[in-house]
Number of protein chains: 2
Amino acid sequence: MTEILVVDDDQDLRESVAEVLGGAGFQVAMAANGERALEFLGQRKFDLVLLDLIMPGMGGMEVMRRLRENAPRLPVIMLTAFATVENAVEAMRQGAQDYITKPFRVDTLLASVRRALEEASFETCRATVNMDTLMGSLANPLRRQILFCVEQEGSMRFMDICRHLEIEDHTKMNFHLKVLKEAGFLTQDERKLYLLTRQGRQVMECARMLVKKLSA
Amino acid sequence: MTEILVVDDDQDLRESVAEVLGGAGFQVAMAANGERALEFLGQRKFDLVLLDLIMPGMGGMEVMRRLRENAPRLPVIMLTAFATVENAVEAMRQGAQDYITKPFRVDTLLASVRRALEEASFETCRATVNMDTLMGSLANPLRRQILFCVEQEGSMRFMDICRHLEIEDHTKMNFHLKVLKEAGFLTQDERKLYLLTRQGRQVMECARMLVKKLSA
DNA sequence: AGCCGCTGTGAAGAAAACTTCACAACCCTC
DNA sequence: GAGGGTTGTGAAGTTTTCTTCACAGCGGCT
């Protein structure tokens, strides 16, 4: 069952949103302010949070920042009556999945919720990856550089990778490319161009997130 | 040298932006429309693109979509005179780094450019240093188990870890504990109890999330 | 054809990571 | 203070990973 947390200081809006979502088959919990919302989030697992930007006490932006510490990938949709471009951009930069201005149509809300959930589930449902090969592949700095630069460029030829990373010995490069191919992070298309697999892109995203968290 | 591509159909704005960026030490190229921009992007490598949202012919959003195919991580900053919340949200959803409304102050533009470049270079430079020890530590399955069970128990004595993981040779355990201590993920308190550092806890959280993401 | 750059293989050698062994200090408790 | 479990060190081996080397097919160019 998909559980959604609705956070808004306006009781009417909270309840009407809950009713709409409930009618669409979602399980809904409600919180009247940011502090209460964080409390909920600490206790239970939710699949999505609808968050009012402007509330007395802790605002939506701050709530999102805090919940990101424990649930970096939890989808958040920001709601607000006082929409500005600056607020919207800031919310999206902070990792909101969408930004909806009040008043909104019921189908707008539902479309946004469904889309956010869709994207989130797309992320989680993946083929299993062996932790050993995953870490083993990333343990080598040259291999990380390969993944990184292939990701940047989209697709690269063998010699381009060599030159880009200033590796003279092409057989060395070949060795590492092989490792990455066997780990399933890299493939070659029909023209022998190297490119990241879906898993490869996923791994890079995880690595980036890890670095971000550790240097925070 | 950091190269920036400025795409705008308004010649005056294009040139004044180029002047500002040039004055700040960036190398600047200009394109008057989307088609021309994509042509440039195919030929040369840029570090950042400033993109007008609304242009005759191909709009900024479409340009961004296309350039993402070949350069998924190239930072894009969207510029527009006709800002709406919807446009801003859509641009950010598509992966723009920022969204600036015209007219803008020079320092706003420069701040945004610097921030986007900073975030883009994040993983390449600063990350690589810690990344080695980080991945190296996690590459070994026994070490992951150690971190995991210490996290579970909160704190553990040396022999308890050995027995819990069914390792007879205590010097082997000692070797791995040392690695983890040197990586900064594990410490000992005054009673020689092993416990996770703050970083250690972060790493475990990331590892867990990684598993969750990569395995259905 | 002959040359040259690109892409690749397998095997040998070097380096790093890991394991094992011998030994020792330090509590406990009897 | 003798004995046994705990925690630790450094050096010698073993295994794994990484690098280097010799060689070879392929495609384009002159």
# chains A, B, ... in the order shown; residues from 1 in each chain; ligands from 1
>>> select_by_dssp(residues="region 29-103 of chain B", states="strand (DSSP E)", output="PyMOL selection string")
chain B and resi 29-31+48-52+76-80+98-101
>>> write_last_selection(atoms="C-alpha atoms", output="tab-separated table (two decimals), in the first residue's frame")
chain	number	residue	atom	x	y	z
B	29	ALA	CA	31.26	31.16	-27.40
B	30	MET	CA	27.95	32.43	-28.69
B	31	ALA	CA	25.08	30.98	-30.66
B	48	LEU	CA	28.52	25.06	-19.17
B	49	VAL	CA	25.66	26.31	-21.33
B	50	LEU	CA	23.58	29.44	-20.77
B	51	LEU	CA	20.36	28.85	-22.63
B	52	ASP	CA	17.53	31.19	-23.50
B	76	VAL	CA	22.75	24.13	-18.18
B	77	ILE	CA	21.47	27.43	-16.81
B	78	MET	CA	18.17	28.55	-18.26
B	79	LEU	CA	17.55	32.23	-18.96
B	80	THR	CA	14.21	33.79	-19.74
B	98	ASP	CA	19.44	26.93	-12.39
B	99	TYR	CA	16.81	29.22	-13.85
B	100	ILE	CA	17.39	32.93	-14.09
B	101	THR	CA	14.87	35.58	-15.07
>>> calpha_fit_rmsd(fixed="chain A", moving="chain B")
6.4 Å
>>> interface_residues(of="chain B", to="chain D", cutoff="10 Å", atoms="only C-alpha atoms (C1' of nucleotides)", output="ChimeraX atom specification")
/B:157-159,170-171,174,192
>>> write_last_selection(atoms="C-alpha atoms", output="PDB file, in the first residue's frame")
ATOM      1  CA  ARG B 157      34.458  -5.906  21.815  1.00  0.00           C
ATOM      2  CA  PHE B 158      37.152  -7.320  19.624  1.00  0.00           C
ATOM      3  CA  MET B 159      36.485 -10.972  20.379  1.00  0.00           C
ATOM      4  CA  HIS B 170      41.959 -12.895  15.342  1.00  0.00           C
ATOM      5  CA  THR B 171      44.936 -11.312  13.601  1.00  0.00           C
ATOM      6  CA  ASN B 174      42.809  -7.086  13.437  1.00  0.00           C
ATOM      7  CA  LYS B 192      38.590  -0.554  23.707  1.00  0.00           C
TER       8      LYS B 192
END
>>> interface_residues(of="chain C", to="chain B", cutoff="10 Å", atoms="only C-alpha atoms (C1' of nucleotides)", output="VMD selection string")
chain C and resid 17 to 21
